[in-house]
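Asker: Dropping in final_13.cif, which is mmCIF, C-alpha atoms:
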```cif
data_coords
#
loop_
_atom_site.label_atom_id
_atom_site.label_comp_id
_atom_site.auth_asym_id
_atom_site.auth_seq_id
_atom_site.Cartn_x
_atom_site.Cartn_y
_atom_site.Cartn_z
CA MET A 13 -21.03 -216.26 20.38
CA THR A 14 -20.93 -213.96 17.35
CA PRO A 15 -22.81 -210.61 17.27
CA ALA A 16 -25.33 -212.15 14.89
CA GLY A 17 -25.84 -215.03 17.33
CA VAL A 18 -26.32 -212.61 20.20
CA ALA A 19 -28.92 -210.68 18.19
CA ALA A 20 -30.73 -213.92 17.25
CA ALA A 21 -30.79 -215.04 20.88
CA ARG A 22 -32.15 -211.68 21.97
CA LEU A 23 -34.84 -211.86 19.29
CA ALA A 24 -35.84 -215.37 20.41
CA ARG A 25 -36.15 -214.22 24.04
CA THR A 26 -38.10 -211.03 23.44
CA GLY A 27 -40.07 -211.93 20.30
CA ARG A 28 -39.30 -208.47 18.87
CA ARG A 29 -36.88 -207.45 16.17
CA PRO A 30 -33.88 -205.64 17.68
CA ARG A 31 -33.55 -202.04 16.68
CA LEU A 32 -30.51 -201.02 14.68
CA ARG A 33 -27.89 -199.82 17.11
CA PRO A 34 -25.24 -197.26 16.12
CA THR A 35 -22.44 -199.71 16.84
CA LEU A 36 -18.80 -198.71 16.65
CA ARG A 37 -18.36 -200.90 13.58
CA LEU A 38 -21.26 -199.22 11.81
CA ARG A 39 -20.03 -195.73 12.73
CA LEU A 40 -16.51 -196.49 11.50
CA THR A 41 -17.90 -197.90 8.26
CA LEU A 42 -20.13 -194.87 7.66
CA LEU A 43 -17.31 -192.48 8.48
CA ASN A 44 -14.98 -194.25 6.06
CA GLY A 45 -17.69 -194.30 3.39
CA VAL A 46 -18.47 -190.59 3.79
CA LEU A 47 -14.79 -189.65 3.61
CA LEU A 48 -14.16 -191.89 0.60
CA VAL A 49 -17.21 -190.73 -1.36
CA GLY A 50 -16.57 -187.12 -0.42
CA ALA A 51 -12.96 -187.28 -1.58
CA GLY A 52 -14.03 -188.98 -4.83
CA ALA A 53 -16.70 -186.35 -5.45
CA VAL A 54 -14.15 -183.56 -4.98
CA LEU A 55 -11.79 -185.24 -7.47
CA VAL A 56 -14.57 -185.68 -10.04
CA LEU A 57 -15.56 -182.03 -9.64
CA LEU A 58 -11.97 -180.84 -10.04
CA ALA A 59 -11.52 -183.01 -13.16
CA TRP A 60 -14.76 -181.66 -14.62
CA LEU A 61 -13.66 -178.04 -14.05
CA LEU A 62 -10.21 -178.68 -15.48
CA VAL A 63 -11.66 -180.26 -18.61
CA ARG A 64 -14.04 -177.35 -19.18
CA ASP A 65 -11.19 -174.87 -18.75
CA ALA A 66 -8.67 -176.80 -20.86
CA LEU A 67 -10.82 -177.47 -23.98
CA ARG A 68 -10.95 -173.91 -25.34
CA PRO A 69 -8.84 -173.91 -28.56
CA SER A 70 -11.08 -171.36 -30.37
CA ASP A 71 -10.17 -168.68 -27.86
CA GLU A 72 -6.85 -168.32 -29.71
CA LEU A 73 -8.47 -168.04 -33.21
CA LEU A 74 -9.77 -164.95 -35.00
CA PRO A 75 -13.52 -164.28 -34.83
CA GLY A 76 -15.41 -165.91 -37.70
CA THR A 77 -12.95 -168.76 -38.06
CA THR A 78 -14.55 -172.01 -39.17
CA VAL A 79 -13.42 -175.60 -38.83
CA VAL A 80 -14.07 -178.47 -41.25
CA LEU A 81 -15.04 -181.73 -39.56
CA ALA A 82 -14.22 -185.23 -40.80
CA ASP A 83 -17.71 -185.65 -42.24
CA GLY A 84 -17.24 -182.53 -44.38
CA ARG A 85 -19.34 -180.18 -42.31
CA SER A 86 -18.07 -176.67 -41.61
CA LEU A 87 -18.78 -175.20 -38.21
CA ASP A 88 -17.96 -171.96 -36.50
CA ALA A 89 -14.95 -172.48 -34.23
CA ALA A 90 -16.82 -171.17 -31.18
CA GLN A 91 -19.80 -173.46 -31.81
CA TRP A 92 -17.50 -176.44 -32.33
CA GLN A 93 -15.74 -175.61 -29.04
CA ARG A 94 -19.01 -175.53 -27.11
CA GLN A 95 -20.02 -178.91 -28.51
CA LEU A 96 -16.63 -180.37 -27.66
CA VAL A 97 -16.66 -179.04 -24.09
CA ASP A 98 -20.23 -180.19 -23.45
CA SER A 99 -19.53 -183.66 -24.81
CA ALA A 100 -16.27 -184.14 -22.91
CA SER A 101 -17.55 -182.76 -19.61
CA GLY A 102 -20.77 -184.78 -19.84
CA GLU A 103 -18.90 -188.00 -20.55
CA LEU A 104 -16.42 -187.24 -17.75
CA LEU A 105 -19.23 -186.54 -15.30
CA ALA A 106 -21.17 -189.70 -16.19
CA LYS A 107 -18.18 -192.02 -16.01
CA GLY A 108 -16.89 -190.28 -12.88
CA LEU A 109 -20.18 -190.78 -11.07
CA VAL A 110 -20.26 -194.46 -12.04
CA ALA A 111 -16.67 -194.89 -10.86
CA LEU A 112 -17.48 -192.99 -7.67
CA LEU A 113 -20.45 -195.27 -6.98
CA ALA A 114 -18.34 -198.39 -7.54
CA ILE A 115 -15.51 -197.09 -5.38
CA GLY A 116 -17.99 -196.13 -2.66
CA ILE A 117 -19.58 -199.60 -2.59
CA VAL A 118 -16.23 -201.39 -2.58
CA GLY A 119 -14.81 -198.96 0.01
CA VAL A 120 -17.78 -199.28 2.39
CA ALA A 121 -17.74 -203.08 2.11
CA GLY A 122 -13.99 -203.15 2.69
CA ALA A 123 -14.26 -200.75 5.62
CA TYR A 124 -17.01 -202.89 7.16
CA ALA A 125 -14.86 -206.01 6.86
CA VAL A 126 -11.69 -204.31 8.15
CA ALA A 127 -13.55 -202.69 11.06
CA GLY A 128 -15.09 -206.02 11.97
CA ARG A 129 -11.69 -207.71 11.97
CA ALA A 130 -10.13 -204.90 14.00
CA LEU A 131 -12.97 -204.92 16.53
CA ARG A 132 -13.09 -208.70 16.87
CA PRO A 133 -11.15 -208.60 20.17
CA LEU A 134 -13.82 -206.25 21.55
CA HIS A 135 -16.45 -208.86 20.76
CA GLN A 136 -14.23 -211.42 22.48
CA VAL A 137 -14.03 -209.13 25.52
CA THR A 138 -17.83 -208.81 25.57
CA ALA A 139 -18.38 -212.54 25.13
CA THR A 140 -15.82 -213.35 27.83
CA ALA A 141 -17.39 -210.85 30.24
CA GLN A 142 -20.84 -212.36 29.60
CA ARG A 143 -19.55 -215.86 30.35
CA LEU A 144 -17.68 -214.88 33.50
CA GLY A 145 -18.84 -216.42 36.71
CA GLU A 146 -17.52 -218.20 39.77
CA ALA A 147 -16.72 -221.30 37.70
CA THR A 148 -15.35 -219.49 34.61
CA LEU A 149 -12.87 -217.00 36.07
CA ASP A 150 -10.08 -218.94 34.34
CA GLN A 151 -11.21 -217.84 30.86
CA ARG A 152 -9.07 -215.29 29.01
CA ILE A 153 -9.18 -213.52 25.65
CA GLY A 154 -5.69 -214.61 24.60
CA TYR A 155 -5.48 -212.09 21.75
CA SER A 156 -2.60 -212.83 19.36
CA GLY A 157 -3.07 -210.20 16.65
CA ALA A 158 -1.12 -207.07 15.84
CA ASP A 159 0.47 -205.20 18.71
CA ASP A 160 -1.89 -202.22 18.59
CA GLU A 161 -4.36 -200.46 20.89
CA VAL A 162 -6.84 -203.34 20.65
CA ALA A 163 -4.14 -205.80 21.68
CA GLU A 164 -3.31 -203.54 24.61
CA LEU A 165 -6.98 -203.50 25.65
CA ALA A 166 -7.18 -207.30 25.43
CA LYS A 167 -4.02 -207.72 27.51
CA THR A 168 -5.31 -205.21 30.07
CA PHE A 169 -8.60 -207.10 30.30
CA ASP A 170 -6.77 -210.42 30.79
CA ALA A 171 -4.58 -208.85 33.49
CA MET A 172 -7.70 -207.50 35.22
CA LEU A 173 -9.23 -211.00 35.15
CA ASP A 174 -6.03 -212.38 36.71
CA ARG A 175 -6.34 -209.88 39.56
CA ILE A 176 -10.06 -210.58 40.00
CA ALA A 177 -9.46 -214.34 40.05
CA ALA A 178 -6.68 -213.97 42.61
CA ALA A 179 -8.82 -211.70 44.79
CA PHE A 180 -11.78 -214.07 44.48
CA GLU A 181 -9.66 -217.05 45.54
CA THR A 182 -8.27 -215.06 48.45
CA GLN A 183 -11.77 -214.11 49.56
CA LYS A 184 -13.00 -217.69 49.30
CA ARG A 185 -10.07 -218.90 51.37
CA PHE A 186 -10.63 -216.10 53.87
CA VAL A 187 -14.32 -216.93 54.27
CA ALA A 188 -13.56 -220.63 54.63
CA ASN A 189 -10.91 -219.98 57.25
CA ALA A 190 -13.08 -217.47 59.12
CA SER A 191 -15.97 -219.93 59.14
CA HIS A 192 -13.69 -222.65 60.47
CA GLU A 193 -12.27 -220.41 63.17
CA LEU A 194 -15.72 -219.25 64.30
CA ARG A 195 -17.20 -222.73 64.15
CA THR A 196 -14.64 -224.14 66.60
CA PRO A 197 -15.55 -222.04 69.69
CA LEU A 198 -19.25 -222.32 68.87
CA ALA A 199 -18.96 -226.10 68.66
CA VAL A 200 -17.08 -226.16 71.97
CA MET A 201 -19.80 -224.13 73.68
CA ARG A 202 -22.63 -226.25 72.30
CA THR A 203 -20.90 -229.51 73.19
CA GLU A 204 -20.20 -228.40 76.74
CA ILE A 205 -23.78 -227.21 77.23
CA ASP A 206 -25.31 -230.38 75.75
CA VAL A 207 -23.08 -232.70 77.77
CA THR A 208 -23.73 -230.87 81.03
CA LEU A 209 -27.50 -230.62 80.52
CA SER A 210 -27.74 -234.30 79.65
CA ASP A 211 -26.05 -235.24 82.92
CA ASP A 212 -28.81 -235.60 85.52
CA GLU A 213 -26.25 -235.83 88.30
CA ALA A 214 -24.37 -232.63 87.36
CA ASP A 215 -23.70 -230.46 90.39
CA ILE A 216 -22.79 -226.83 90.87
CA ALA A 217 -19.10 -227.53 90.30
CA GLU A 218 -19.87 -229.13 86.94
CA TYR A 219 -21.99 -226.17 85.90
CA ARG A 220 -19.22 -223.80 86.97
CA ARG A 221 -16.72 -225.76 84.87
CA MET A 222 -19.10 -225.60 81.90
CA ALA A 223 -19.55 -221.85 82.40
CA THR A 224 -15.79 -221.35 82.44
CA VAL A 225 -15.34 -223.28 79.19
CA VAL A 226 -18.22 -221.41 77.52
CA ARG A 227 -16.82 -218.08 78.70
CA ASP A 228 -13.35 -218.85 77.30
CA ALA A 229 -14.82 -220.00 73.98
CA SER A 230 -17.02 -216.90 73.73
CA GLU A 231 -14.03 -214.68 74.45
CA ARG A 232 -12.13 -216.39 71.66
CA ALA A 233 -15.05 -215.93 69.25
CA ASN A 234 -15.46 -212.31 70.34
CA GLY A 235 -11.74 -211.67 69.84
CA LEU A 236 -11.88 -213.18 66.37
CA VAL A 237 -14.90 -211.07 65.38
CA ASP A 238 -13.15 -207.94 66.65
CA ALA A 239 -10.04 -208.84 64.66
CA LEU A 240 -12.11 -209.43 61.52
CA LEU A 241 -13.79 -206.05 61.93
CA VAL A 242 -10.43 -204.29 62.37
CA LEU A 243 -9.04 -206.08 59.32
CA ALA A 244 -12.07 -205.09 57.23
CA ARG A 245 -11.85 -201.50 58.45
CA SER A 246 -8.12 -201.33 57.68
CA GLU A 247 -8.49 -202.80 54.20
CA ALA A 248 -11.37 -200.42 53.48
CA GLN A 249 -9.08 -197.46 54.21
CA ALA A 250 -6.41 -198.64 51.75
CA GLY A 251 -6.38 -196.70 48.49
CA ARG A 252 -8.42 -193.75 49.73
CA GLN A 253 -8.33 -190.94 52.26
CA LEU A 254 -8.29 -192.05 55.89
CA GLY A 255 -11.48 -191.35 57.80
CA ARG A 256 -9.47 -189.99 60.76
CA ARG A 257 -6.17 -188.15 60.50
CA THR A 258 -4.54 -187.18 63.79
CA GLU A 259 -0.91 -186.59 64.64
CA CYS A 260 0.27 -189.23 67.09
CA ASP A 261 3.46 -190.97 68.21
CA LEU A 262 4.24 -194.63 67.55
CA ALA A 263 6.37 -194.65 70.70
CA THR A 264 3.32 -193.87 72.86
CA GLY A 265 1.18 -196.61 71.31
CA THR A 266 4.06 -199.09 71.61
CA ALA A 267 4.58 -198.24 75.30
CA ASN A 268 0.88 -198.83 75.93
CA ALA A 269 1.06 -202.17 74.11
CA LEU A 270 4.04 -203.25 76.22
CA SER A 271 2.18 -202.26 79.37
CA ALA A 272 -0.82 -204.38 78.32
CA VAL A 273 1.29 -207.55 78.01
CA ARG A 274 3.43 -206.92 81.11
CA ARG A 275 1.87 -209.75 83.14
CA GLU A 276 2.34 -212.28 80.33
CA VAL A 277 5.94 -211.11 79.88
CA GLU A 278 6.60 -211.65 83.58
CA ARG A 279 4.87 -215.03 83.57
CA ILE A 280 7.11 -216.53 80.87
CA GLY A 281 10.20 -214.63 81.99
CA LEU A 282 10.95 -212.66 78.81
CA GLN A 283 13.93 -210.30 78.66
CA VAL A 284 12.62 -207.04 77.18
CA GLN A 285 14.87 -204.46 75.51
CA THR A 286 13.29 -201.16 74.49
CA SER A 287 14.47 -198.00 72.78
CA LEU A 288 11.35 -195.87 72.36
CA GLU A 289 12.33 -192.63 70.69
CA SER A 290 9.76 -190.23 69.27
CA ALA A 291 8.19 -191.48 66.01
CA PRO A 292 5.54 -188.92 64.91
CA VAL A 293 3.04 -189.98 62.26
CA VAL A 294 -0.32 -188.78 60.99
CA GLY A 295 -3.17 -191.25 60.75
CA ASP A 296 -5.97 -193.09 62.51
CA PRO A 297 -4.95 -193.43 66.20
CA GLY A 298 -7.11 -196.52 66.74
CA LEU A 299 -5.60 -198.39 63.79
CA LEU A 300 -2.05 -197.35 64.70
CA ASP A 301 -2.54 -198.53 68.30
CA ARG A 302 -3.82 -201.87 66.99
CA LEU A 303 -0.76 -202.11 64.71
CA ALA A 304 1.65 -201.72 67.63
CA GLY A 305 -0.48 -203.93 69.87
CA ASN A 306 -0.60 -206.78 67.35
CA LEU A 307 3.16 -206.75 66.81
CA VAL A 308 3.92 -206.77 70.53
CA GLU A 309 1.27 -209.41 71.29
CA ASN A 310 2.57 -211.67 68.52
CA ALA A 311 6.14 -211.25 69.75
CA VAL A 312 5.05 -212.38 73.24
CA ARG A 313 2.61 -215.10 72.13
CA TYR A 314 5.04 -216.86 69.79
CA ASN A 315 8.06 -216.59 72.11
CA HIS A 316 9.43 -219.25 74.47
CA LEU A 317 10.24 -219.36 78.15
CA HIS A 318 12.98 -216.93 79.17
CA GLY A 319 13.26 -215.65 75.61
CA ARG A 320 14.00 -212.14 74.39
CA LEU A 321 11.80 -209.31 73.09
CA TRP A 322 13.20 -206.11 71.61
CA VAL A 323 11.24 -203.05 70.56
CA ARG A 324 12.57 -199.85 68.93
CA THR A 325 10.91 -196.74 67.55
CA GLY A 326 12.37 -193.66 65.90
CA THR A 327 12.37 -191.41 62.86
CA ASP A 328 14.83 -190.35 60.17
CA GLY A 329 12.96 -187.19 59.23
CA ARG A 330 11.02 -188.62 56.29
CA HIS A 331 9.78 -191.86 57.85
CA SER A 332 8.94 -193.01 61.34
CA TRP A 333 9.61 -196.63 62.12
CA LEU A 334 8.74 -199.34 64.61
CA VAL A 335 10.82 -202.51 65.02
CA VAL A 336 9.53 -205.47 67.05
CA GLY A 337 11.62 -208.64 67.29
CA ASN A 338 11.46 -211.82 69.32
CA THR A 339 13.02 -215.19 69.85
CA GLY A 340 10.92 -218.30 69.38
CA PHE A 341 10.53 -221.27 67.09
CA GLU A 342 12.51 -221.21 63.85
CA VAL A 343 10.76 -219.72 60.82
CA ASP A 344 11.70 -220.75 57.30
CA PRO A 345 12.52 -217.57 55.30
CA ALA A 346 10.33 -218.91 52.49
CA ASP A 347 7.35 -218.91 54.87
CA VAL A 348 7.79 -215.29 55.98
CA PRO A 349 5.68 -213.65 53.19
CA GLY A 350 2.81 -216.03 54.01
CA LEU A 351 2.71 -214.76 57.59
CA PHE A 352 0.96 -211.63 56.32
CA GLU A 353 -1.92 -213.68 54.89
CA PRO A 354 -5.06 -214.12 57.04
CA PHE A 355 -5.19 -217.15 59.35
CA ARG A 356 -1.51 -218.01 58.92
CA ARG A 357 0.47 -218.78 62.04
CA GLY A 358 4.19 -219.28 61.75
CA GLY A 359 3.91 -220.40 58.14
CA ARG A 360 1.06 -222.82 58.93
CA GLU A 361 -2.64 -222.50 58.19
CA ARG A 362 -5.22 -223.03 60.95
CA THR A 363 -3.02 -225.21 63.11
CA GLY A 364 -5.03 -224.55 66.23
CA ALA A 365 -2.20 -222.53 67.75
CA ARG A 366 -2.89 -219.60 70.00
CA GLY A 367 -4.31 -216.48 68.40
CA SER A 368 -6.59 -215.99 65.42
CA GLY A 369 -3.88 -215.74 62.77
CA LEU A 370 -4.98 -212.22 61.81
CA GLY A 371 -2.33 -210.19 63.66
CA LEU A 372 0.14 -209.58 60.82
CA SER A 373 -2.69 -209.34 58.28
CA ILE A 374 -4.06 -206.39 60.24
CA VAL A 375 -0.56 -204.88 60.48
CA ARG A 376 -0.17 -205.04 56.71
CA ALA A 377 -3.64 -203.59 56.11
CA VAL A 378 -2.97 -200.68 58.52
CA CYS A 379 0.37 -199.98 56.80
CA ASP A 380 -1.33 -199.98 53.39
CA ALA A 381 -3.99 -197.58 54.64
CA HIS A 382 -1.30 -195.17 55.88
CA GLY A 383 0.93 -195.40 52.80
CA GLY A 384 3.65 -197.28 54.69
CA THR A 385 5.51 -200.58 54.41
CA VAL A 386 6.00 -203.62 56.62
CA HIS A 387 9.01 -205.91 56.33
CA ALA A 388 9.77 -209.14 58.20
CA VAL A 389 13.06 -210.99 58.63
CA ALA A 390 13.44 -214.51 60.00
CA GLN A 391 16.03 -214.57 62.82
CA PRO A 392 18.83 -217.14 62.90
CA GLY A 393 18.06 -219.71 65.57
CA GLY A 394 14.38 -218.82 65.68
CA GLY A 395 12.14 -215.80 65.96
CA LEU A 396 11.11 -212.93 63.75
CA GLU A 397 11.83 -209.22 63.44
CA VAL A 398 9.16 -207.02 61.89
CA THR A 399 9.87 -203.46 60.75
CA VAL A 400 7.10 -200.95 60.02
CA ARG A 401 7.88 -197.70 58.22
CA LEU A 402 5.26 -194.94 57.93
CA PRO A 403 5.50 -191.40 56.49
CA SER A 404 6.63 -189.05 59.23
CA ALA A 405 4.31 -186.32 60.46
CA ASP A 406 6.98 -183.79 59.40
CA VAL A 407 6.55 -184.56 55.67
CA ALA A 408 3.60 -184.85 53.32
CA PRO A 409 2.01 -188.28 53.70
CA ALA A 410 2.40 -190.76 50.86
CA THR A 411 -0.54 -191.77 48.74
CA PRO A 412 -2.55 -194.42 50.59
CA GLY A 413 -2.49 -197.86 49.07
CA GLU A 414 1.21 -197.89 48.19
CA GLY A 415 2.15 -200.03 51.18
CA ARG A 416 3.57 -203.50 50.70
CA SER A 417 4.85 -206.39 52.77
CA GLY A 418 8.14 -208.08 52.21
CA ALA A 419 10.61 -210.52 53.63
CA ALA A 420 14.31 -211.09 53.62
CA GLY A 421 16.06 -214.28 54.54
#
```
Write out the structure in this file as structure tokens.

Answerer:
Amino acid sequence: MTPAGVAAARLARTGRRPRLRPTLRLRLTLLNGVLLVGAGAVLVLLAWLLVRDALRPSDELLPGTTVVLADGRSLDAAQWQRQLVDSASGELLAKGLVALLAIGIVGVAGAYAVAGRALRPLHQVTATAQRLGEATLDQRIGYSGADDEVAELAKTFDAMLDRIAAAFETQKRFVANASHELRTPLAVMRTEIDVTLSDDEADIAEYRRMATVVRDASERANGLVDALLVLARSEAQAGRQLGRRTECDLATGTANALSAVRREVERIGLQVQTSLESAPVVGDPGLLDRLAGNLVENAVRYNHLHGRLWVRTGTDGRHSWLVVGNTGFEVDPADVPGLFEPFRRGGRERTGARGSGLGLSIVRAVCDAHGGTVHAVAQPGGGLEVTVRLPSADVAPATPGEGRSGAAG
């Protein structure tokens, strides 16, 4: 919609005439007009002064000298000079003012047209922003004019819309997946309760079985909610100062994580190799413990019987690192980047496999919040090795929000 159309629509809604706004186009036009008329006025004034100073021929004649005009009249040279100067300067002033008025009108009209054409992309930006909504995030300005500042603004606005659309789609997918994941344990609990209550012959054993199923489903739902809260907290810390900054050691958190999964490791007969050297970092201890815990838990959960698990920590002076690798089912290298997206398990979405599918998403968010990086490599024959690198406590921490996830085949 054009600016005139917008003004007409506003007038139809309010019933009042819109007041004249000092728009950028109007200010540019007035500025151009003032400069143009001012410069023209200065030129007319200079021409008028030059003419008055130049037309003085009698100054070089003797006093009392007369001149004979074409009509036969004789006039004193000084009187003739005054008449000549007055006539020439008056005619110059009159014609100069007329020319100045014409130039001013043409200049203001031209400036108004040029400013409108130059600012047209800004109107497109405004119109696009007014039309934006959930169903219109695909609209773009698509400016194709001169490569100037306005074109740069239009391209920046289009790039911003691309990022907003991508983030919006990610959020929609996240909400859909979270709703699905939460709905499953709730449906299990309700079904078990309804079936058991509808059975008039249900005994204590049946009620105990129902209670066990409901407890397991509630634990799953509770674990998912906790994971969602940690993910939200981690993503909220990215790009700004951490709420808590304490010096801690990745080796300590990793050792605690290994201790927590010791029974599961023994149950499936994993061979564990560790090399836990000091890895000092500065950050939120709770988030860093969850980072190590998620990596170790994933390495155990997605392993196979009598597989291998290796964990290493250390520092090179500038960065502290944590490496967690495992054997398991084969992962396509092309699927590795997707593992860091919420609700992705082994390159698959919501397959019903163990876990909530938020483990590596939380790891990436914690790394971003601490200005670190996370990198995953698919292992030949199956399994995955994940490497986390965070700024060491011995150096100034990097700017939060610069973390990234990556993969190598």

Asker: Identify the residues within 10 Å of coordinate (-13.6, -199.6, 5.2) (same frame as the file), considering all atoms listed in the file, and give the answer as a PyMOL selection string.

Answerer: chain A and resi 37+40-45+48+116-128

Asker: Just want the 9 Å neighbourhood of Val308 (chain A), counted on all atoms listed in the file, with same-chain residues fewer than 4 positions away dropped. Output as an MDAnalysis selection string.

Answerer: chainID A and resid 266 269:270 273 303:304 312:313 321 323 336:337

Asker: With C-alpha atoms kept, could you save the residues just selected as a PDB file, keeping the file's coordinate frame?

Answerer:
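Output file out.pdb follows:
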```pdb
ATOM      1  CA  THR A 266       4.060-199.090  71.610  1.00  0.00           C
ATOM      2  CA  ALA A 269       1.060-202.170  74.110  1.00  0.00           C
ATOM      3  CA  LEU A 270       4.040-203.250  76.220  1.00  0.00           C
ATOM      4  CA  VAL A 273       1.290-207.550  78.010  1.00  0.00           C
ATOM      5  CA  LEU A 303      -0.760-202.110  64.710  1.00  0.00           C
ATOM      6  CA  ALA A 304       1.650-201.720  67.630  1.00  0.00           C
ATOM      7  CA  VAL A 312       5.050-212.380  73.240  1.00  0.00           C
ATOM      8  CA  ARG A 313       2.610-215.100  72.130  1.00  0.00           C
ATOM      9  CA  LEU A 321      11.800-209.310  73.090  1.00  0.00           C
ATOM     10  CA  VAL A 323      11.240-203.050  70.560  1.00  0.00           C
ATOM     11  CA  VAL A 336       9.530-205.470  67.050  1.00  0.00           C
ATOM     12  CA  GLY A 337      11.620-208.640  67.290  1.00  0.00           C
TER      13      GLY A 337
END
```

Asker: On this structure, the PyMOL selection byres ((chain A and resi 60-64) around 12) would catch which residues? List them as a PyMOL selection string, sorted by chain and number.

Answerer: chain A and resi 53-59+65-69+93-109

Asker: Do you know which residues are at most 8 Å from Thr140 (chain A) counting all atoms listed in the file, after dropping those on the same chain fewer than 3 positions away, and could you put them as a list in words?

Answerer: Gln136, Val137, Arg143, Leu144, Gln151, Arg152 and Ile153 of chain A

Asker: Just checking: using all atoms listed in the file, which residue out of A:Thr168, A:Thr78, A:Thr325, A:Asn268 ends up closest to Ala291 (chain A)?

Answerer: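 Of A:Thr168, A:Thr78, A:Thr325, A:Asn268, the one nearest Ala291 (chain A) is A:Thr325, counting all atoms listed in the file.
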
Asker: List the residues matched by the PyMOL selection byres ((chain A and resi 316-319) around 7) in the displayed structure as a PyMOL selection string, ordered by chain and then by residue number.

Answerer: chain A and resi 280-283+314-315+320-321+339-340

Asker: For the residues in the current selection, export C-alpha atoms as a PDB file, in the coordinates of the input.

Answerer:
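Result file result20.pdb:
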```pdb
ATOM      1  CA  ILE A 280       7.110-216.530  80.870  1.00  0.00           C
ATOM      2  CA  GLY A 281      10.200-214.630  81.990  1.00  0.00           C
ATOM      3  CA  LEU A 282      10.950-212.660  78.810  1.00  0.00           C
ATOM      4  CA  GLN A 283      13.930-210.300  78.660  1.00  0.00           C
ATOM      5  CA  TYR A 314       5.040-216.860  69.790  1.00  0.00           C
ATOM      6  CA  ASN A 315       8.060-216.590  72.110  1.00  0.00           C
ATOM      7  CA  ARG A 320      14.000-212.140  74.390  1.00  0.00           C
ATOM      8  CA  LEU A 321      11.800-209.310  73.090  1.00  0.00           C
ATOM      9  CA  THR A 339      13.020-215.190  69.850  1.00  0.00           C
ATOM     10  CA  GLY A 340      10.920-218.300  69.380  1.00  0.00           C
TER      11      GLY A 340
END
```

Asker: Rank A:Ala141, A:Val79, A:Leu262, A:Val226 by their smallest atom-to-atom distance to Leu334 (chain A), using all atoms listed in the file, and report the top residue only.

Answerer: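 Using all atoms listed in the file, the shortest distance to Leu334 (chain A) belongs to A:Leu262.
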
Asker: Can you list what the PyMOL selection byres ((chain A and resi 295) around 6) grabs from this structure, as number ranges by chain?

Answerer: A: 257-258, 294, 296

Asker: If I put a ball of radius 7 Å at (5.0, -187.7, 60.5) in the file's coordinates, which residues poke into it when counting only C-alpha atoms, written as number ranges by chain?

Answerer: A: 292-294, 331-332, 403-407

Asker: Give the answer as one residue: which of A:Leu112, A:Leu307, A:Val237, A:Val378 has the shortest atom-to-atom distance to Val46 (chain A), using only C-alpha atoms?

Answerer: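 Counting only C-alpha atoms, the residue closest to Val46 (chain A) is A:Leu112.
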